[in-house]
>>> print(open('work03.json').read())   # JSON, C-alpha atoms
[["chain", "number", "residue", "atom", "x", "y", "z"],
["W", 1, "MET", "CA", 70.38, -17.45, -135.04],
["W", 2, "GLU", "CA", 67.29, -15.26, -135.05],
["W", 3, "THR", "CA", 65.51, -17.60, -132.67],
["W", 4, "GLN", "CA", 68.37, -17.35, -130.17],
["W", 5, "THR", "CA", 68.09, -13.57, -130.10],
["W", 6, "LYS", "CA", 64.33, -13.79, -129.55],
["W", 7, "VAL", "CA", 64.79, -16.30, -126.71],
["W", 8, "SER", "CA", 67.49, -14.20, -125.09],
["W", 9, "ALA", "CA", 65.25, -11.13, -125.40],
["W", 10, "VAL", "CA", 62.48, -12.93, -123.55],
["W", 11, "LEU", "CA", 64.86, -14.27, -120.89],
["W", 12, "ARG", "CA", 66.25, -10.78, -120.29],
["W", 13, "LYS", "CA", 62.76, -9.34, -119.89],
["W", 14, "ILE", "CA", 61.28, -11.91, -117.49],
["W", 15, "PRO", "CA", 59.58, -9.87, -114.77],
["W", 16, "TYR", "CA", 60.30, -10.43, -111.10],
["W", 17, "ASP", "CA", 56.82, -11.70, -110.31],
["W", 18, "ILE", "CA", 57.22, -14.65, -112.69],
["W", 19, "ILE", "CA", 60.73, -15.35, -111.40],
["W", 20, "ALA", "CA", 59.50, -15.25, -107.78],
["W", 21, "PHE", "CA", 56.56, -17.51, -108.60],
["W", 22, "PHE", "CA", 58.85, -19.98, -110.38],
["W", 23, "PHE", "CA", 61.23, -20.17, -107.40],
["W", 24, "PHE", "CA", 58.27, -20.51, -105.03],
["W", 25, "ALA", "CA", 56.99, -23.41, -107.15],
["W", 26, "VAL", "CA", 60.44, -25.00, -107.08],
["W", 27, "ALA", "CA", 60.69, -24.66, -103.29],
["W", 28, "VAL", "CA", 57.20, -26.07, -102.66],
["W", 29, "SER", "CA", 57.74, -28.94, -105.11],
["W", 30, "VAL", "CA", 61.12, -29.92, -103.66],
["W", 31, "PHE", "CA", 59.74, -29.75, -100.12],
["W", 32, "SER", "CA", 56.74, -31.90, -101.11],
["W", 33, "PHE", "CA", 59.11, -34.52, -102.55],
["W", 34, "TYR", "CA", 61.11, -34.36, -99.33],
["W", 35, "LEU", "CA", 57.96, -34.84, -97.25],
["W", 36, "ASN", "CA", 57.00, -37.96, -99.19],
["W", 37, "LEU", "CA", 60.21, -39.78, -98.28],
["W", 38, "ASP", "CA", 59.74, -42.62, -95.80],
["W", 39, "ILE", "CA", 62.02, -41.01, -93.23],
["W", 40, "ASN", "CA", 59.69, -37.97, -92.94],
["W", 41, "LYS", "CA", 56.43, -39.64, -91.91],
["W", 42, "LYS", "CA", 56.25, -37.77, -88.60],
["W", 43, "LEU", "CA", 56.91, -34.42, -90.26],
["W", 44, "LYS", "CA", 54.33, -35.14, -92.96],
["W", 45, "ALA", "CA", 51.76, -36.21, -90.33],
["W", 46, "SER", "CA", 52.37, -32.97, -88.43],
["W", 47, "LEU", "CA", 52.01, -30.75, -91.54],
["W", 48, "ILE", "CA", 49.07, -32.44, -93.31],
["W", 49, "PRO", "CA", 46.45, -30.70, -91.14],
["W", 50, "TYR", "CA", 47.85, -27.36, -92.31],
["W", 51, "THR", "CA", 48.66, -28.06, -95.96],
["W", 52, "GLY", "CA", 46.07, -30.66, -96.91],
["W", 53, "TRP", "CA", 46.71, -33.72, -99.04],
["W", 54, "GLY", "CA", 47.64, -31.90, -102.23],
["W", 55, "PHE", "CA", 50.71, -30.16, -100.86],
["W", 56, "GLY", "CA", 52.92, -29.16, -103.79],
["W", 57, "ARG", "CA", 50.95, -30.92, -106.51],
["W", 58, "GLY", "CA", 49.48, -27.76, -107.98],
["W", 59, "TYR", "CA", 52.86, -26.07, -108.24],
["W", 60, "MET", "CA", 54.84, -28.93, -109.84],
["W", 61, "PHE", "CA", 53.22, -28.18, -113.20],
["W", 62, "PHE", "CA", 54.97, -24.80, -113.31],
["W", 63, "LEU", "CA", 58.44, -26.33, -113.08],
["W", 64, "PHE", "CA", 58.02, -27.40, -116.68],
["W", 65, "PHE", "CA", 55.37, -25.00, -117.96],
["W", 66, "ILE", "CA", 57.14, -21.69, -117.30],
["W", 67, "PRO", "CA", 60.45, -22.60, -119.02],
["W", 68, "ILE", "CA", 58.65, -24.22, -121.96],
["W", 69, "CYS", "CA", 56.39, -21.20, -122.41],
["W", 70, "LEU", "CA", 59.31, -18.78, -122.22],
["W", 71, "LEU", "CA", 61.47, -20.73, -124.65],
["W", 72, "SER", "CA", 58.85, -21.61, -127.25],
["W", 73, "PHE", "CA", 56.91, -18.41, -127.74],
["W", 74, "LYS", "CA", 55.42, -16.90, -130.86],
["W", 75, "GLY", "CA", 54.98, -13.19, -131.20],
["W", 76, "THR", "CA", 56.20, -10.35, -129.05],
["W", 77, "VAL", "CA", 57.74, -10.57, -125.60],
["W", 78, "VAL", "CA", 54.86, -8.63, -124.07],
["W", 79, "LYS", "CA", 52.29, -11.07, -125.49],
["W", 80, "THR", "CA", 54.32, -14.07, -124.35],
["W", 81, "LEU", "CA", 54.57, -12.79, -120.79],
["W", 82, "GLY", "CA", 50.89, -11.83, -120.82],
["W", 83, "ILE", "CA", 49.84, -15.29, -121.94],
["W", 84, "LEU", "CA", 52.11, -16.86, -119.32],
["W", 85, "ARG", "CA", 50.57, -14.72, -116.59],
["W", 86, "ILE", "CA", 47.06, -15.62, -117.78],
["W", 87, "PHE", "CA", 47.86, -19.34, -117.57],
["W", 88, "ILE", "CA", 49.35, -18.87, -114.09],
["W", 89, "ILE", "CA", 46.23, -16.97, -113.04],
["W", 90, "ILE", "CA", 43.94, -19.72, -114.36],
["W", 91, "SER", "CA", 45.91, -22.43, -112.58],
["W", 92, "VAL", "CA", 46.05, -20.50, -109.32],
["W", 93, "LEU", "CA", 42.30, -19.86, -109.59],
["W", 94, "MET", "CA", 41.75, -23.63, -109.80],
["W", 95, "GLN", "CA", 43.91, -24.13, -106.69],
["W", 96, "LEU", "CA", 41.98, -21.39, -104.92],
["W", 97, "PHE", "CA", 38.68, -23.04, -105.88],
["W", 98, "ASP", "CA", 39.90, -26.38, -104.50],
["W", 99, "GLY", "CA", 41.00, -24.70, -101.26],
["W", 100, "VAL", "CA", 37.62, -22.98, -100.81],
["W", 101, "GLN", "CA", 35.77, -26.21, -101.59],
["W", 102, "ASP", "CA", 37.81, -28.14, -99.03],
["W", 103, "TRP", "CA", 37.23, -25.43, -96.45],
["W", 104, "LEU", "CA", 33.46, -25.42, -97.01],
["W", 105, "GLN", "CA", 33.22, -29.22, -96.71],
["W", 106, "VAL", "CA", 34.89, -29.41, -93.30],
["W", 107, "ALA", "CA", 32.70, -30.85, -90.57],
["W", 108, "PRO", "CA", 33.11, -29.70, -86.94],
["W", 109, "GLU", "CA", 34.53, -33.09, -85.95],
["W", 110, "ASP", "CA", 37.33, -32.69, -88.51],
["W", 111, "TYR", "CA", 38.94, -30.02, -86.32],
["W", 112, "THR", "CA", 39.29, -32.40, -83.37],
["W", 113, "ASN", "CA", 39.99, -35.69, -85.13],
["W", 114, "PRO", "CA", 42.94, -37.43, -83.39],
["W", 115, "ASN", "CA", 44.18, -38.88, -86.70],
["W", 116, "PRO", "CA", 46.55, -36.26, -88.21],
["W", 117, "TYR", "CA", 45.75, -37.43, -91.74],
["W", 118, "LEU", "CA", 42.03, -36.74, -91.23],
["W", 119, "ARG", "CA", 42.30, -33.61, -89.06],
["W", 120, "TYR", "CA", 41.71, -30.14, -90.53],
["W", 121, "ASP", "CA", 43.35, -27.25, -88.74],
["W", 122, "LYS", "CA", 41.99, -23.72, -88.44],
["W", 123, "LEU", "CA", 45.14, -22.41, -90.13],
["W", 124, "THR", "CA", 44.74, -24.59, -93.25],
["W", 125, "PRO", "CA", 43.02, -21.82, -95.27],
["W", 126, "ILE", "CA", 46.23, -19.76, -94.99],
["W", 127, "TYR", "CA", 48.00, -22.27, -97.22],
["W", 128, "THR", "CA", 45.09, -23.54, -99.30],
["W", 129, "ILE", "CA", 43.37, -20.18, -99.87],
["W", 130, "GLY", "CA", 45.72, -17.37, -98.79],
["W", 131, "VAL", "CA", 48.79, -18.38, -100.77],
["W", 132, "PRO", "CA", 46.95, -18.90, -104.09],
["W", 133, "LEU", "CA", 45.05, -15.67, -103.47],
["W", 134, "PHE", "CA", 48.33, -13.81, -102.94],
["W", 135, "TRP", "CA", 49.74, -15.09, -106.25],
["W", 136, "LEU", "CA", 46.45, -14.40, -108.02],
["W", 137, "VAL", "CA", 46.34, -10.76, -106.89],
["W", 138, "LEU", "CA", 50.04, -10.25, -107.66],
["W", 139, "MET", "CA", 49.75, -11.70, -111.17],
["W", 140, "LEU", "CA", 46.57, -9.73, -111.90],
["W", 141, "ILE", "CA", 48.18, -6.47, -110.78],
["W", 142, "MET", "CA", 51.29, -7.13, -112.85],
["W", 143, "LEU", "CA", 49.18, -8.12, -115.87],
["W", 144, "VAL", "CA", 47.26, -4.85, -115.70],
["W", 145, "ILE", "CA", 50.44, -2.81, -115.18],
["W", 146, "SER", "CA", 52.18, -4.42, -118.15],
["W", 147, "TYR", "CA", 49.07, -3.94, -120.30],
["W", 148, "LEU", "CA", 48.89, -0.25, -119.39],
["W", 149, "GLN", "CA", 52.62, 0.20, -120.06],
["W", 150, "PHE", "CA", 52.27, -1.50, -123.45],
["W", 151, "LYS", "CA", 49.31, 0.72, -124.38],
["W", 152, "ASN", "CA", 51.17, 3.81, -123.21],
["W", 153, "GLU", "CA", 54.27, 2.90, -125.28],
["W", 154, "LYS", "CA", 52.10, 2.23, -128.32],
["W", 155, "ARG", "CA", 50.37, 5.57, -127.95],
["W", 156, "LEU", "CA", 53.67, 7.44, -127.64],
["W", 157, "ASN", "CA", 55.08, 5.78, -130.77]]
>>> encode(input="work03.json", output="structure tokens")
Amino acid sequence: METQTKVSAVLRKIPYDIIAFFFFAVAVSVFSFYLNLDINKKLKASLIPYTGWGFGRGYMFFLFFIPICLLSFKGTVVKTLGILRIFIIISVLMQLFDGVQDWLQVAPEDYTNPNPYLRYDKLTPIYTIGVPLFWLVLMLIMLVISYLQFKNEKRLN
């Protein structure tokens, strides 16, 4: 009975940034499954230059990780959410590193390659670098804000 109240307390206090990131991960993962169906080869060939080969793979992990972390926590709600944000930040940093590495390894002929599976578009860094960078900055800001709020509440009590 006590565990149920702790779980419900965490579920009631899930911040909007984690909820938004979870739904973004769901949308990207579902769309990546949809793209891999045989009927979508033309769509996949048209999007691969923009998204790269790993479209959706980095976000599928969060479909299981976020609910498991929220439902099997130890300690306070603030610590649980802080640890969850730190793991999201680490994972997004790895995706950002992969995106930067891919971008730095592009040869000039990769921009004009007629094969869509080997072509690299100028807009690819928006998805491979910009999106992870957005989530990284958002999670860092929210982590700092929640830390400052926790310290302020502790000082007032």
>>> residues_around(input="work03.json", residues="Ile66 (chain W)", least_positions_apart="2", cutoff="9 Å", atoms="only C-alpha atoms", output="number ranges by chain")
W: 18, 22, 61-64, 68-71, 84, 88
>>> residues_around(input="work03.json", residues="region 99-103 of chain W", least_positions_apart="4", cutoff="9 Å", atoms="all atoms listed in the file", output="compact mmCIF listing (two decimals) with C-alpha atoms, in the frame of the given file")
# COMPACT_ATOMS: atom_id res chain seq x y z
CA GLY W 52 46.07 -30.66 -96.91
CA MET W 94 41.75 -23.63 -109.80
CA GLN W 95 43.91 -24.13 -106.69
CA TYR W 120 41.71 -30.14 -90.53
CA THR W 124 44.74 -24.59 -93.25
CA PRO W 125 43.02 -21.82 -95.27
CA TYR W 127 48.00 -22.27 -97.22
CA THR W 128 45.09 -23.54 -99.30
CA ILE W 129 43.37 -20.18 -99.87
CA PRO W 132 46.95 -18.90 -104.09
>>> atom_distance(input="work03.json", atom1="CA of Val78 (chain W)", atom2="CA of Ser8 (chain W)")
13.8 Å
>>> atom_distance(input="work03.json", atom1="CA of Val26 (chain W)", atom2="CA of Val77 (chain W)")
23.6 Å
>>> atom_distance(input="work03.json", atom1="CA of Glu109 (chain W)", atom2="CA of Lys122 (chain W)")
12.2 Å
>>> closest_residue(input="work03.json", among="W:Tyr50, W:Phe97, W:Phe31, W:Phe23", to="Arg119 (chain W)", atoms="all atoms listed in the file")
W:Tyr50
>>> closest_residue(input="work03.json", among="W:Tyr59, W:Val131, W:Leu123, W:Thr80", to="Lys13 (chain W)", atoms="all atoms listed in the file")
W:Thr80
>>> residues_around(input="work03.json", residues="Gly82 (chain W)", least_positions_apart="6", cutoff="10 Å", atoms="only C-alpha atoms", output="PyMOL selection string")
chain W and resi 76+88+139+142-144+146-147
>>> write_last_selection(input="work03.json", atoms="C-alpha atoms", output="PDB file, in the frame of the given file")
ATOM      1  CA  THR W  76      56.200 -10.350-129.050  1.00  0.00           C
ATOM      2  CA  ILE W  88      49.350 -18.870-114.090  1.00  0.00           C
ATOM      3  CA  MET W 139      49.750 -11.700-111.170  1.00  0.00           C
ATOM      4  CA  MET W 142      51.290  -7.130-112.850  1.00  0.00           C
ATOM      5  CA  LEU W 143      49.180  -8.120-115.870  1.00  0.00           C
ATOM      6  CA  VAL W 144      47.260  -4.850-115.700  1.00  0.00           C
ATOM      7  CA  SER W 146      52.180  -4.420-118.150  1.00  0.00           C
ATOM      8  CA  TYR W 147      49.070  -3.940-120.300  1.00  0.00           C
TER       9      TYR W 147
END
>>> closest_residue(input="work03.json", among="W:Leu140, W:Ala45, W:Leu37, W:Leu118", to="Ile83 (chain W)", atoms="all atoms listed in the file")
W:Leu140
>>> build_atoms(input="work03.json", residues="region 142-153 of chain W", atoms="all heavy atoms", output="PDB file, in the frame of the given file")
ATOM      1  N   MET W 142      50.190  -7.242-111.886  1.00  0.00           N
ATOM      2  CA  MET W 142      51.290  -7.130-112.850  1.00  0.00           C
ATOM      3  C   MET W 142      50.799  -7.229-114.294  1.00  0.00           C
ATOM      4  O   MET W 142      51.345  -6.574-115.185  1.00  0.00           O
ATOM      5  CB  MET W 142      52.360  -8.181-112.563  1.00  0.00           C
ATOM      6  CG  MET W 142      53.059  -7.982-111.233  1.00  0.00           C
ATOM      7  SD  MET W 142      53.712  -6.321-110.982  1.00  0.00           S
ATOM      8  CE  MET W 142      54.984  -6.263-112.208  1.00  0.00           C
ATOM      9  N   LEU W 143      49.762  -8.028-114.530  1.00  0.00           N
ATOM     10  CA  LEU W 143      49.180  -8.120-115.870  1.00  0.00           C
ATOM     11  C   LEU W 143      48.582  -6.789-116.296  1.00  0.00           C
ATOM     12  O   LEU W 143      48.788  -6.320-117.419  1.00  0.00           O
ATOM     13  CB  LEU W 143      48.126  -9.226-115.918  1.00  0.00           C
ATOM     14  CG  LEU W 143      47.499  -9.526-117.267  1.00  0.00           C
ATOM     15  CD1 LEU W 143      48.548 -10.103-118.211  1.00  0.00           C
ATOM     16  CD2 LEU W 143      46.346 -10.494-117.118  1.00  0.00           C
ATOM     17  N   VAL W 144      47.867  -6.152-115.394  1.00  0.00           N
ATOM     18  CA  VAL W 144      47.260  -4.850-115.700  1.00  0.00           C
ATOM     19  C   VAL W 144      48.338  -3.788-115.905  1.00  0.00           C
ATOM     20  O   VAL W 144      48.264  -2.980-116.833  1.00  0.00           O
ATOM     21  CB  VAL W 144      46.273  -4.443-114.578  1.00  0.00           C
ATOM     22  CG1 VAL W 144      45.840  -3.001-114.714  1.00  0.00           C
ATOM     23  CG2 VAL W 144      45.071  -5.368-114.573  1.00  0.00           C
ATOM     24  N   ILE W 145      49.355  -3.796-115.039  1.00  0.00           N
ATOM     25  CA  ILE W 145      50.440  -2.810-115.180  1.00  0.00           C
ATOM     26  C   ILE W 145      51.158  -2.977-116.505  1.00  0.00           C
ATOM     27  O   ILE W 145      51.421  -1.985-117.205  1.00  0.00           O
ATOM     28  CB  ILE W 145      51.422  -2.926-113.989  1.00  0.00           C
ATOM     29  CG1 ILE W 145      50.770  -2.384-112.725  1.00  0.00           C
ATOM     30  CG2 ILE W 145      52.719  -2.179-114.277  1.00  0.00           C
ATOM     31  CD1 ILE W 145      51.571  -2.613-111.468  1.00  0.00           C
ATOM     32  N   SER W 146      51.475  -4.216-116.875  1.00  0.00           N
ATOM     33  CA  SER W 146      52.180  -4.420-118.150  1.00  0.00           C
ATOM     34  C   SER W 146      51.294  -4.059-119.336  1.00  0.00           C
ATOM     35  O   SER W 146      51.773  -3.532-120.341  1.00  0.00           O
ATOM     36  CB  SER W 146      52.696  -5.852-118.267  1.00  0.00           C
ATOM     37  OG  SER W 146      51.634  -6.751-118.373  1.00  0.00           O
ATOM     38  N   TYR W 147      49.996  -4.311-119.233  1.00  0.00           N
ATOM     39  CA  TYR W 147      49.070  -3.940-120.300  1.00  0.00           C
ATOM     40  C   TYR W 147      49.027  -2.409-120.455  1.00  0.00           C
ATOM     41  O   TYR W 147      49.075  -1.883-121.567  1.00  0.00           O
ATOM     42  CB  TYR W 147      47.679  -4.488-120.015  1.00  0.00           C
ATOM     43  CG  TYR W 147      46.640  -4.052-121.008  1.00  0.00           C
ATOM     44  CD1 TYR W 147      46.583  -4.611-122.278  1.00  0.00           C
ATOM     45  CD2 TYR W 147      45.719  -3.050-120.692  1.00  0.00           C
ATOM     46  CE1 TYR W 147      45.641  -4.205-123.205  1.00  0.00           C
ATOM     47  CE2 TYR W 147      44.773  -2.630-121.603  1.00  0.00           C
ATOM     48  CZ  TYR W 147      44.733  -3.207-122.854  1.00  0.00           C
ATOM     49  OH  TYR W 147      43.804  -2.790-123.761  1.00  0.00           O
ATOM     50  N   LEU W 148      48.935  -1.710-119.336  1.00  0.00           N
ATOM     51  CA  LEU W 148      48.890  -0.250-119.390  1.00  0.00           C
ATOM     52  C   LEU W 148      50.203   0.323-119.923  1.00  0.00           C
ATOM     53  O   LEU W 148      50.191   1.303-120.684  1.00  0.00           O
ATOM     54  CB  LEU W 148      48.564   0.322-118.016  1.00  0.00           C
ATOM     55  CG  LEU W 148      47.151   0.025-117.496  1.00  0.00           C
ATOM     56  CD1 LEU W 148      46.979   0.552-116.087  1.00  0.00           C
ATOM     57  CD2 LEU W 148      46.092   0.595-118.427  1.00  0.00           C
ATOM     58  N   GLN W 149      51.336  -0.260-119.543  1.00  0.00           N
ATOM     59  CA  GLN W 149      52.620   0.200-120.060  1.00  0.00           C
ATOM     60  C   GLN W 149      52.714  -0.027-121.574  1.00  0.00           C
ATOM     61  O   GLN W 149      53.208   0.824-122.306  1.00  0.00           O
ATOM     62  CB  GLN W 149      53.773  -0.510-119.363  1.00  0.00           C
ATOM     63  CG  GLN W 149      54.020  -0.042-117.967  1.00  0.00           C
ATOM     64  CD  GLN W 149      55.100  -0.851-117.274  1.00  0.00           C
ATOM     65  OE1 GLN W 149      55.470  -1.931-117.723  1.00  0.00           O
ATOM     66  NE2 GLN W 149      55.582  -0.333-116.157  1.00  0.00           N
ATOM     67  N   PHE W 150      52.243  -1.187-122.016  1.00  0.00           N
ATOM     68  CA  PHE W 150      52.270  -1.500-123.450  1.00  0.00           C
ATOM     69  C   PHE W 150      51.398  -0.519-124.227  1.00  0.00           C
ATOM     70  O   PHE W 150      51.792  -0.022-125.282  1.00  0.00           O
ATOM     71  CB  PHE W 150      51.818  -2.939-123.673  1.00  0.00           C
ATOM     72  CG  PHE W 150      51.796  -3.350-125.103  1.00  0.00           C
ATOM     73  CD1 PHE W 150      52.973  -3.522-125.813  1.00  0.00           C
ATOM     74  CD2 PHE W 150      50.585  -3.566-125.764  1.00  0.00           C
ATOM     75  CE1 PHE W 150      52.962  -3.901-127.139  1.00  0.00           C
ATOM     76  CE2 PHE W 150      50.562  -3.949-127.100  1.00  0.00           C
ATOM     77  CZ  PHE W 150      51.751  -4.120-127.782  1.00  0.00           C
ATOM     78  N   LYS W 151      50.205  -0.240-123.707  1.00  0.00           N
ATOM     79  CA  LYS W 151      49.310   0.720-124.380  1.00  0.00           C
ATOM     80  C   LYS W 151      49.922   2.112-124.401  1.00  0.00           C
ATOM     81  O   LYS W 151      49.796   2.837-125.385  1.00  0.00           O
ATOM     82  CB  LYS W 151      47.937   0.757-123.684  1.00  0.00           C
ATOM     83  CG  LYS W 151      47.090  -0.446-123.976  1.00  0.00           C
ATOM     84  CD  LYS W 151      46.711  -0.441-125.429  1.00  0.00           C
ATOM     85  CE  LYS W 151      45.752  -1.557-125.726  1.00  0.00           C
ATOM     86  NZ  LYS W 151      45.444  -1.673-127.127  1.00  0.00           N
ATOM     87  N   ASN W 152      50.557   2.496-123.297  1.00  0.00           N
ATOM     88  CA  ASN W 152      51.170   3.810-123.210  1.00  0.00           C
ATOM     89  C   ASN W 152      52.341   3.933-124.197  1.00  0.00           C
ATOM     90  O   ASN W 152      52.497   4.961-124.861  1.00  0.00           O
ATOM     91  CB  ASN W 152      51.655   4.069-121.786  1.00  0.00           C
ATOM     92  CG  ASN W 152      51.895   5.529-121.528  1.00  0.00           C
ATOM     93  OD1 ASN W 152      51.464   6.381-122.286  1.00  0.00           O
ATOM     94  ND2 ASN W 152      52.584   5.826-120.446  1.00  0.00           N
ATOM     95  N   GLU W 153      53.156   2.873-124.314  1.00  0.00           N
ATOM     96  CA  GLU W 153      54.270   2.900-125.280  1.00  0.00           C
ATOM     97  C   GLU W 153      53.748   2.951-126.706  1.00  0.00           C
ATOM     98  O   GLU W 153      54.309   3.634-127.556  1.00  0.00           O
ATOM     99  CB  GLU W 153      55.148   1.653-125.096  1.00  0.00           C
ATOM    100  CG  GLU W 153      55.994   1.692-123.858  1.00  0.00           C
ATOM    101  CD  GLU W 153      56.755   0.392-123.647  1.00  0.00           C
ATOM    102  OE1 GLU W 153      56.736  -0.473-124.557  1.00  0.00           O
ATOM    103  OE2 GLU W 153      57.329   0.240-122.569  1.00  0.00           O
TER     104      GLU W 153
END
